[in-house]
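Shown next, in structure tokens, is the structure this report addresses.
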Amino acid sequence: MPWTEITRAQYRRDGLRFASNLTDAEWALIARRLPPRRRVGRPRTTDLRRVVEAILYVLSTGCQWRALPGDFPPRSTVQGYFYAWRDTGWWRRIVTALVRLARRQLGRKPTPTAAIIDSQSAPTTESGGPRGFDAGKRVHGRKRHIVTDTNGLLLAVLVHPADIQDVHGAVPLLER
């Protein structure tokens, strides 16, 4: 939903401990899309809402996993859930479902018929993965190729070394 004076109140974060925490309405949208608990093994004792809020905290602040405040579950637990959901594709499913829901609320078809692609080069250090040199921007680092729908909702992201040309970086992104 676009920001207007009428809708501004629903986006306020004043009553939350951290600005990255979820409201009850936001949690209701995400909770039913999370993977169900396993039928075998030890029963889950961790509150998934706190896990999701911890992941959002790390993403919004850019802090290290080790710097996660004590208000959240142990970092190893949060990190384990994050990597498991990433590797099994749950994050992608959640984002896809939320994009479809947002498009319906905007009066659009659930799947877009047009998209916008762009790239951005960002400087990075040598640690943390591959990097290259974007001669056009004179940047040592990585390049993000992003596809959004015409409303600006995220459809796909791919990160490469910065020396990948846009033509070559767009092909694997559009294949997704």
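Letters A, B, ... go to the chains of the structure tokens in the order shown; residues in each chain start at 1; ligands are counted from 1 in the same order.
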Would you pick out the contacts of Thr125 (chain A) at 12 Å or less, using only C-alpha atoms, so that residues sharing its chain but fewer than 4 positions from it are not included, and give the list as a PDB file with C-alpha atoms, in the first residue's frame?
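Saved result, result.pdb, follows:
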ATOM      1  CA  GLY A 129      32.924 -13.558  -1.444  1.00  0.00           C
ATOM      2  CA  PRO A 130      33.932 -12.865  -5.009  1.00  0.00           C
ATOM      3  CA  ARG A 131      34.355  -9.343  -6.261  1.00  0.00           C
ATOM      4  CA  GLY A 132      35.416  -7.717  -9.497  1.00  0.00           C
ATOM      5  CA  PHE A 133      36.124  -4.343 -11.052  1.00  0.00           C
ATOM      6  CA  VAL A 139      34.229   0.265  -8.455  1.00  0.00           C
ATOM      7  CA  HIS A 140      35.922  -2.785  -6.937  1.00  0.00           C
ATOM      8  CA  GLY A 141      33.153  -4.921  -5.514  1.00  0.00           C
ATOM      9  CA  ARG A 142      29.896  -6.622  -6.422  1.00  0.00           C
ATOM     10  CA  PRO A 161      31.240  -9.802  -9.030  1.00  0.00           C
TER      11      PRO A 161
END
List as a ChimeraX atom specification the protein and nucleic acid residues near Arg93 (chain A), meaning an atom at most 12 Å away when only C-alpha atoms are counted, but skip any in the same chain fewer than 4 places from it.
/A:30,32-35,85-89,97-100,155-156
Could those selected residues go to a file with all heavy atoms, as a short mmCIF file (atom, residue, chain, number, x, y, z; two decimals), in the first residue's frame?
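Here's the written file part.cif:
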data_model
loop_
_atom_site.label_atom_id
_atom_site.label_comp_id
_atom_site.auth_asym_id
_atom_site.auth_seq_id
_atom_site.Cartn_x
_atom_site.Cartn_y
_atom_site.Cartn_z
N ILE A 30 2.88 -13.58 7.92
CA ILE A 30 4.06 -14.41 7.74
C ILE A 30 3.91 -15.78 8.40
O ILE A 30 4.35 -16.79 7.86
CB ILE A 30 5.30 -13.69 8.30
CG1 ILE A 30 5.60 -12.45 7.45
CG2 ILE A 30 6.52 -14.61 8.31
CD1 ILE A 30 6.70 -11.60 8.00
N ARG A 32 1.63 -18.06 8.86
CA ARG A 32 1.03 -19.22 8.17
C ARG A 32 1.84 -19.68 6.97
O ARG A 32 1.57 -20.72 6.39
CB ARG A 32 -0.41 -18.92 7.79
CG ARG A 32 -0.55 -17.81 6.79
CD ARG A 32 -2.03 -17.65 6.42
NE ARG A 32 -2.18 -16.60 5.46
CZ ARG A 32 -2.81 -15.46 5.69
NH1 ARG A 32 -3.34 -15.24 6.87
NH2 ARG A 32 -2.91 -14.55 4.76
N ARG A 33 2.84 -18.89 6.59
CA ARG A 33 3.68 -19.26 5.45
C ARG A 33 5.00 -19.93 5.87
O ARG A 33 5.77 -20.36 5.02
CB ARG A 33 3.96 -18.02 4.61
CG ARG A 33 2.70 -17.54 3.92
CD ARG A 33 2.93 -16.28 3.14
NE ARG A 33 1.76 -15.95 2.35
CZ ARG A 33 0.70 -15.30 2.79
NH1 ARG A 33 0.66 -14.90 4.04
NH2 ARG A 33 -0.33 -15.06 2.01
N LEU A 34 5.27 -19.97 7.16
CA LEU A 34 6.49 -20.60 7.65
C LEU A 34 6.35 -22.12 7.59
O LEU A 34 5.24 -22.65 7.64
CB LEU A 34 6.78 -20.15 9.08
CG LEU A 34 7.17 -18.68 9.24
CD1 LEU A 34 7.29 -18.33 10.71
CD2 LEU A 34 8.45 -18.38 8.51
N PRO A 35 7.47 -22.83 7.50
CA PRO A 35 7.37 -24.29 7.42
C PRO A 35 6.78 -24.87 8.71
O PRO A 35 7.03 -24.36 9.80
CB PRO A 35 8.82 -24.74 7.24
CG PRO A 35 9.67 -23.59 7.60
CD PRO A 35 8.84 -22.36 7.43
N TRP A 85 16.02 -22.07 6.13
CA TRP A 85 14.93 -21.53 5.31
C TRP A 85 15.46 -21.01 3.98
O TRP A 85 14.79 -21.13 2.96
CB TRP A 85 14.21 -20.42 6.06
CG TRP A 85 13.44 -20.91 7.26
CD1 TRP A 85 13.09 -22.21 7.55
CD2 TRP A 85 12.93 -20.13 8.33
NE1 TRP A 85 12.39 -22.27 8.72
CE2 TRP A 85 12.27 -21.01 9.24
CE3 TRP A 85 12.96 -18.78 8.63
CZ2 TRP A 85 11.66 -20.56 10.39
CZ3 TRP A 85 12.35 -18.33 9.78
CH2 TRP A 85 11.70 -19.22 10.65
N ARG A 86 16.65 -20.43 3.97
CA ARG A 86 17.24 -19.98 2.72
C ARG A 86 17.53 -21.15 1.79
O ARG A 86 17.18 -21.14 0.62
CB ARG A 86 18.54 -19.22 2.99
CG ARG A 86 19.22 -18.71 1.73
CD ARG A 86 20.66 -18.37 1.96
NE ARG A 86 21.41 -19.58 2.32
CZ ARG A 86 22.69 -19.57 2.66
NH1 ARG A 86 23.34 -18.44 2.74
NH2 ARG A 86 23.32 -20.68 2.96
N ASP A 87 18.16 -22.19 2.33
CA ASP A 87 18.58 -23.32 1.51
C ASP A 87 17.41 -24.14 0.99
O ASP A 87 17.51 -24.77 -0.06
CB ASP A 87 19.55 -24.21 2.28
CG ASP A 87 20.86 -23.49 2.62
OD1 ASP A 87 21.14 -22.43 2.00
OD2 ASP A 87 21.59 -23.98 3.51
N THR A 88 16.32 -24.18 1.72
CA THR A 88 15.15 -24.96 1.28
C THR A 88 14.17 -24.13 0.45
O THR A 88 13.18 -24.67 -0.03
CB THR A 88 14.40 -25.56 2.49
OG1 THR A 88 14.02 -24.49 3.37
CG2 THR A 88 15.26 -26.57 3.23
N GLY A 89 14.44 -22.86 0.28
CA GLY A 89 13.59 -22.01 -0.56
C GLY A 89 12.38 -21.41 0.15
O GLY A 89 11.52 -20.81 -0.50
N ALA A 97 4.72 -15.07 -2.06
CA ALA A 97 3.34 -15.01 -1.57
C ALA A 97 2.97 -13.59 -1.14
O ALA A 97 1.86 -13.11 -1.42
CB ALA A 97 3.14 -15.98 -0.41
N LEU A 98 3.88 -12.90 -0.47
CA LEU A 98 3.61 -11.54 -0.03
C LEU A 98 3.51 -10.57 -1.20
O LEU A 98 2.67 -9.64 -1.18
CB LEU A 98 4.67 -11.08 0.97
CG LEU A 98 4.67 -11.81 2.31
CD1 LEU A 98 5.83 -11.35 3.17
CD2 LEU A 98 3.35 -11.64 3.04
N VAL A 99 4.33 -10.76 -2.23
CA VAL A 99 4.25 -9.91 -3.42
C VAL A 99 2.90 -10.13 -4.11
O VAL A 99 2.23 -9.16 -4.51
CB VAL A 99 5.43 -10.19 -4.39
CG1 VAL A 99 5.17 -9.59 -5.76
CG2 VAL A 99 6.71 -9.63 -3.82
N ARG A 100 2.48 -11.38 -4.23
CA ARG A 100 1.17 -11.66 -4.86
C ARG A 100 0.04 -11.03 -4.06
O ARG A 100 -0.90 -10.46 -4.64
CB ARG A 100 0.96 -13.16 -4.98
CG ARG A 100 1.82 -13.77 -6.04
CD ARG A 100 1.61 -15.24 -6.18
NE ARG A 100 2.49 -15.74 -7.23
CZ ARG A 100 2.39 -16.93 -7.75
NH1 ARG A 100 1.46 -17.77 -7.32
NH2 ARG A 100 3.21 -17.30 -8.70
N LEU A 155 10.92 -8.84 -7.32
CA LEU A 155 10.63 -10.13 -7.94
C LEU A 155 11.83 -11.06 -7.91
O LEU A 155 11.68 -12.26 -7.71
CB LEU A 155 10.17 -9.94 -9.39
CG LEU A 155 8.91 -9.10 -9.58
CD1 LEU A 155 8.61 -8.92 -11.06
CD2 LEU A 155 7.73 -9.73 -8.87
N ALA A 156 13.03 -10.53 -8.14
CA ALA A 156 14.23 -11.38 -8.16
C ALA A 156 15.47 -10.52 -7.93
O ALA A 156 15.50 -9.34 -8.30
CB ALA A 156 14.35 -12.12 -9.48
#
Between CA of Gly152 (chain A) and CA of Asn21 (chain A), what distance in Å does the model show, to one decimal?
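Atom-to-atom, CA of Gly152 (chain A) to CA of Asn21 (chain A), that is 22.9 Å.
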Apply DSSP to the structure's backbone, then extract all residues of chain A labelled alpha helix (DSSP H) and return them as a PyMOL selection string.
chain A and resi 24-31+48-61+75-88+90-105+166-175
Considering only C-alpha atoms, return as an mmCIF file with N, CA and C atoms, in the first residue's frame whatever protein or nucleic-acid residues lie within 12 Å of Leu154 (chain A), sequence-local ones (same chain, fewer than 2 positions apart) excluded.
data_model
loop_
_atom_site.group_PDB
_atom_site.id
_atom_site.type_symbol
_atom_site.label_atom_id
_atom_site.label_comp_id
_atom_site.auth_asym_id
_atom_site.auth_seq_id
_atom_site.Cartn_x
_atom_site.Cartn_y
_atom_site.Cartn_z
ATOM 1 N N ARG A 92 12.095 -17.555 -0.322
ATOM 2 C CA ARG A 92 11.604 -17.196 -1.657
ATOM 3 C C ARG A 92 10.089 -17.392 -1.723
ATOM 4 N N VAL A 95 8.350 -14.519 0.229
ATOM 5 C CA VAL A 95 8.389 -13.255 -0.508
ATOM 6 C C VAL A 95 7.445 -13.296 -1.702
ATOM 7 N N THR A 96 7.431 -14.404 -2.427
ATOM 8 C CA THR A 96 6.533 -14.536 -3.578
ATOM 9 C C THR A 96 5.082 -14.422 -3.145
ATOM 10 N N ALA A 97 4.717 -15.074 -2.060
ATOM 11 C CA ALA A 97 3.336 -15.007 -1.568
ATOM 12 C C ALA A 97 2.967 -13.586 -1.136
ATOM 13 N N LEU A 98 3.885 -12.898 -0.474
ATOM 14 C CA LEU A 98 3.608 -11.538 -0.026
ATOM 15 C C LEU A 98 3.505 -10.567 -1.201
ATOM 16 N N VAL A 99 4.333 -10.762 -2.228
ATOM 17 C CA VAL A 99 4.248 -9.914 -3.423
ATOM 18 C C VAL A 99 2.901 -10.125 -4.115
ATOM 19 N N ARG A 100 2.476 -11.382 -4.234
ATOM 20 C CA ARG A 100 1.172 -11.662 -4.857
ATOM 21 C C ARG A 100 0.036 -11.031 -4.065
ATOM 22 N N ALA A 102 0.236 -8.382 -2.079
ATOM 23 C CA ALA A 102 0.322 -6.922 -2.236
ATOM 24 C C ALA A 102 -0.223 -6.495 -3.599
ATOM 25 N N ARG A 103 0.074 -7.272 -4.640
ATOM 26 C CA ARG A 103 -0.434 -6.939 -5.973
ATOM 27 C C ARG A 103 -1.963 -7.025 -6.003
ATOM 28 N N THR A 111 0.374 -12.241 -10.705
ATOM 29 C CA THR A 111 1.690 -12.356 -11.349
ATOM 30 C C THR A 111 1.840 -11.221 -12.355
ATOM 31 N N PRO A 112 2.975 -10.552 -12.341
ATOM 32 C CA PRO A 112 3.157 -9.398 -13.221
ATOM 33 C C PRO A 112 3.350 -9.807 -14.676
ATOM 34 N N ALA A 115 8.049 -6.074 -16.120
ATOM 35 C CA ALA A 115 9.002 -5.914 -15.021
ATOM 36 C C ALA A 115 10.072 -4.908 -15.416
ATOM 37 N N ILE A 116 10.793 -4.461 -14.419
ATOM 38 C CA ILE A 116 11.886 -3.504 -14.610
ATOM 39 C C ILE A 116 13.142 -4.141 -14.049
ATOM 40 N N ILE A 117 14.233 -4.079 -14.800
ATOM 41 C CA ILE A 117 15.497 -4.646 -14.348
ATOM 42 C C ILE A 117 16.527 -3.525 -14.280
ATOM 43 N N ASP A 118 17.355 -3.578 -13.255
ATOM 44 C CA ASP A 118 18.415 -2.593 -13.106
ATOM 45 C C ASP A 118 19.560 -3.238 -12.353
ATOM 46 N N HIS A 145 21.896 -7.261 -9.552
ATOM 47 C CA HIS A 145 20.876 -7.146 -10.588
ATOM 48 C C HIS A 145 19.538 -7.404 -9.903
ATOM 49 N N ILE A 146 18.606 -6.480 -10.083
ATOM 50 C CA ILE A 146 17.324 -6.558 -9.389
ATOM 51 C C ILE A 146 16.200 -6.427 -10.412
ATOM 52 N N VAL A 147 15.159 -7.260 -10.248
ATOM 53 C CA VAL A 147 13.959 -7.167 -11.072
ATOM 54 C C VAL A 147 12.796 -6.819 -10.151
ATOM 55 N N THR A 148 12.049 -5.785 -10.507
ATOM 56 C CA THR A 148 10.855 -5.401 -9.763
ATOM 57 C C THR A 148 9.675 -5.343 -10.734
ATOM 58 N N ASP A 149 8.468 -5.390 -10.174
ATOM 59 C CA ASP A 149 7.304 -5.167 -11.029
ATOM 60 C C ASP A 149 7.124 -3.660 -11.180
ATOM 61 N N THR A 150 6.109 -3.256 -11.909
ATOM 62 C CA THR A 150 5.917 -1.828 -12.167
ATOM 63 C C THR A 150 5.491 -1.046 -10.929
ATOM 64 N N ASN A 151 5.143 -1.760 -9.852
ATOM 65 C CA ASN A 151 4.823 -1.102 -8.583
ATOM 66 C C ASN A 151 6.045 -0.992 -7.682
ATOM 67 N N GLY A 152 7.160 -1.557 -8.101
ATOM 68 C CA GLY A 152 8.371 -1.521 -7.301
ATOM 69 C C GLY A 152 8.513 -2.690 -6.346
ATOM 70 N N ALA A 156 13.030 -10.532 -8.144
ATOM 71 C CA ALA A 156 14.228 -11.376 -8.155
ATOM 72 C C ALA A 156 15.470 -10.518 -7.930
ATOM 73 N N VAL A 157 16.492 -11.136 -7.323
ATOM 74 C CA VAL A 157 17.770 -10.473 -7.061
ATOM 75 C C VAL A 157 18.880 -11.468 -7.335
ATOM 76 N N LEU A 158 19.967 -10.982 -7.920
ATOM 77 C CA LEU A 158 21.140 -11.814 -8.130
ATOM 78 C C LEU A 158 22.372 -10.941 -7.919
#
Which residue gives the smallest distance to His168 (chain A) among A:Lys143, A:Arg39, A:Arg138, A:Arg104, with only C-alpha atoms counted?
A:Lys143
Could you please write out, as JSON, numbers by chain, every residue of region 10-153 of chain A that DSSP assigns to strand (DSSP E)?
{"A": [115, 116, 117, 118, 119, 120, 121, 122, 123, 132, 133, 134, 139, 140, 141, 142, 143, 144, 145, 146, 147, 148, 149]}
Write out as a list of chain:residue names the residues lying within 8 Å of region 54-65 of chain A, counting only C-alpha atoms and excluding same-chain residues fewer than 4 positions away.
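After dropping sequence-adjacent residues, the list is A:Phe18, A:Ser20, A:Asn21, A:Arg50, A:Phe72, A:Pro73, A:Arg75, A:Val78, A:Gln79, A:Phe82.
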Between CA of Pro110 (chain A) and CA of Ala28 (chain A), distance in Å (one decimal)
19.8 Å
Choose the residue, out of A:Ala135, A:Ala9, A:Leu29, A:Ala122, that has the smallest atom-to-atom separation from Gln165 (chain A); count only C-alpha atoms.
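Comparing A:Ala135, A:Ala9, A:Leu29, A:Ala122 against Gln165 (chain A), the winner is A:Ala135.
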List the neighbours of Arg49 (chain A) out to 9 Å using only C-alpha atoms; skip same-chain residues closer than 4 positions along the sequence, and give me the result as a list in words.
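Here the qualifying residues turn out to be Leu22, Trp27, Ala31, Glu53 and Ala54 of chain A.
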Hey, can you spit out that residue selection with all heavy atoms as a JSON list (two decimals), in the first residue's frame?
[["chain", "number", "residue", "atom", "x", "y", "z"],
["A", 22, "LEU", "N", 7.93, -7.15, 14.35],
["A", 22, "LEU", "CA", 6.69, -7.28, 13.60],
["A", 22, "LEU", "C", 5.49, -6.88, 14.45],
["A", 22, "LEU", "O", 5.43, -7.18, 15.64],
["A", 22, "LEU", "CB", 6.51, -8.74, 13.18],
["A", 22, "LEU", "CG", 7.57, -9.32, 12.26],
["A", 22, "LEU", "CD1", 7.41, -10.83, 12.16],
["A", 22, "LEU", "CD2", 7.50, -8.70, 10.89],
["A", 27, "TRP", "N", 2.85, -10.24, 11.57],
["A", 27, "TRP", "CA", 3.15, -11.62, 11.95],
["A", 27, "TRP", "C", 2.08, -12.58, 11.42],
["A", 27, "TRP", "O", 2.39, -13.68, 10.98],
["A", 27, "TRP", "CB", 3.29, -11.74, 13.46],
["A", 27, "TRP", "CG", 3.45, -13.16, 13.90],
["A", 27, "TRP", "CD1", 2.60, -13.88, 14.68],
["A", 27, "TRP", "CD2", 4.52, -14.05, 13.56],
["A", 27, "TRP", "NE1", 3.08, -15.15, 14.85],
["A", 27, "TRP", "CE2", 4.26, -15.28, 14.16],
["A", 27, "TRP", "CE3", 5.69, -13.92, 12.80],
["A", 27, "TRP", "CZ2", 5.09, -16.38, 14.04],
["A", 27, "TRP", "CZ3", 6.52, -15.02, 12.67],
["A", 27, "TRP", "CH2", 6.23, -16.22, 13.29],
["A", 31, "ALA", "N", 3.26, -15.84, 9.55],
["A", 31, "ALA", "CA", 3.22, -17.06, 10.36],
["A", 31, "ALA", "C", 2.68, -18.26, 9.61],
["A", 31, "ALA", "O", 3.23, -19.36, 9.70],
["A", 31, "ALA", "CB", 2.39, -16.81, 11.62],
["A", 53, "GLU", "N", 11.91, -12.03, 13.92],
["A", 53, "GLU", "CA", 12.25, -10.67, 14.33],
["A", 53, "GLU", "C", 13.76, -10.50, 14.48],
["A", 53, "GLU", "O", 14.32, -9.45, 14.14],
["A", 53, "GLU", "CB", 11.54, -10.31, 15.63],
["A", 53, "GLU", "CG", 10.06, -10.11, 15.44],
["A", 53, "GLU", "CD", 9.30, -9.83, 16.73],
["A", 53, "GLU", "OE1", 9.83, -10.12, 17.83],
["A", 53, "GLU", "OE2", 8.18, -9.31, 16.63],
["A", 54, "ALA", "N", 14.45, -11.53, 14.95],
["A", 54, "ALA", "CA", 15.91, -11.47, 15.06],
["A", 54, "ALA", "C", 16.56, -11.39, 13.69],
["A", 54, "ALA", "O", 17.50, -10.62, 13.47],
["A", 54, "ALA", "CB", 16.43, -12.68, 15.83]]
What does the distance from CA of Arg144 (chain A) to CA of Ser127 (chain A) come to in Å, to one decimal?
17.2 Å
Smallest atom-to-atom distance to Leu48 (chain A): which of A:Leu106, A:Asp166, A:Pro36, A:Ile94, using only C-alpha atoms?
A:Pro36
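Using only C-alpha atoms for every distance, the candidate list A:Leu68, A:Ala114, A:Arg13, A:Thr77 yields A:Ala114 as the residue closest to Leu174 (chain A).
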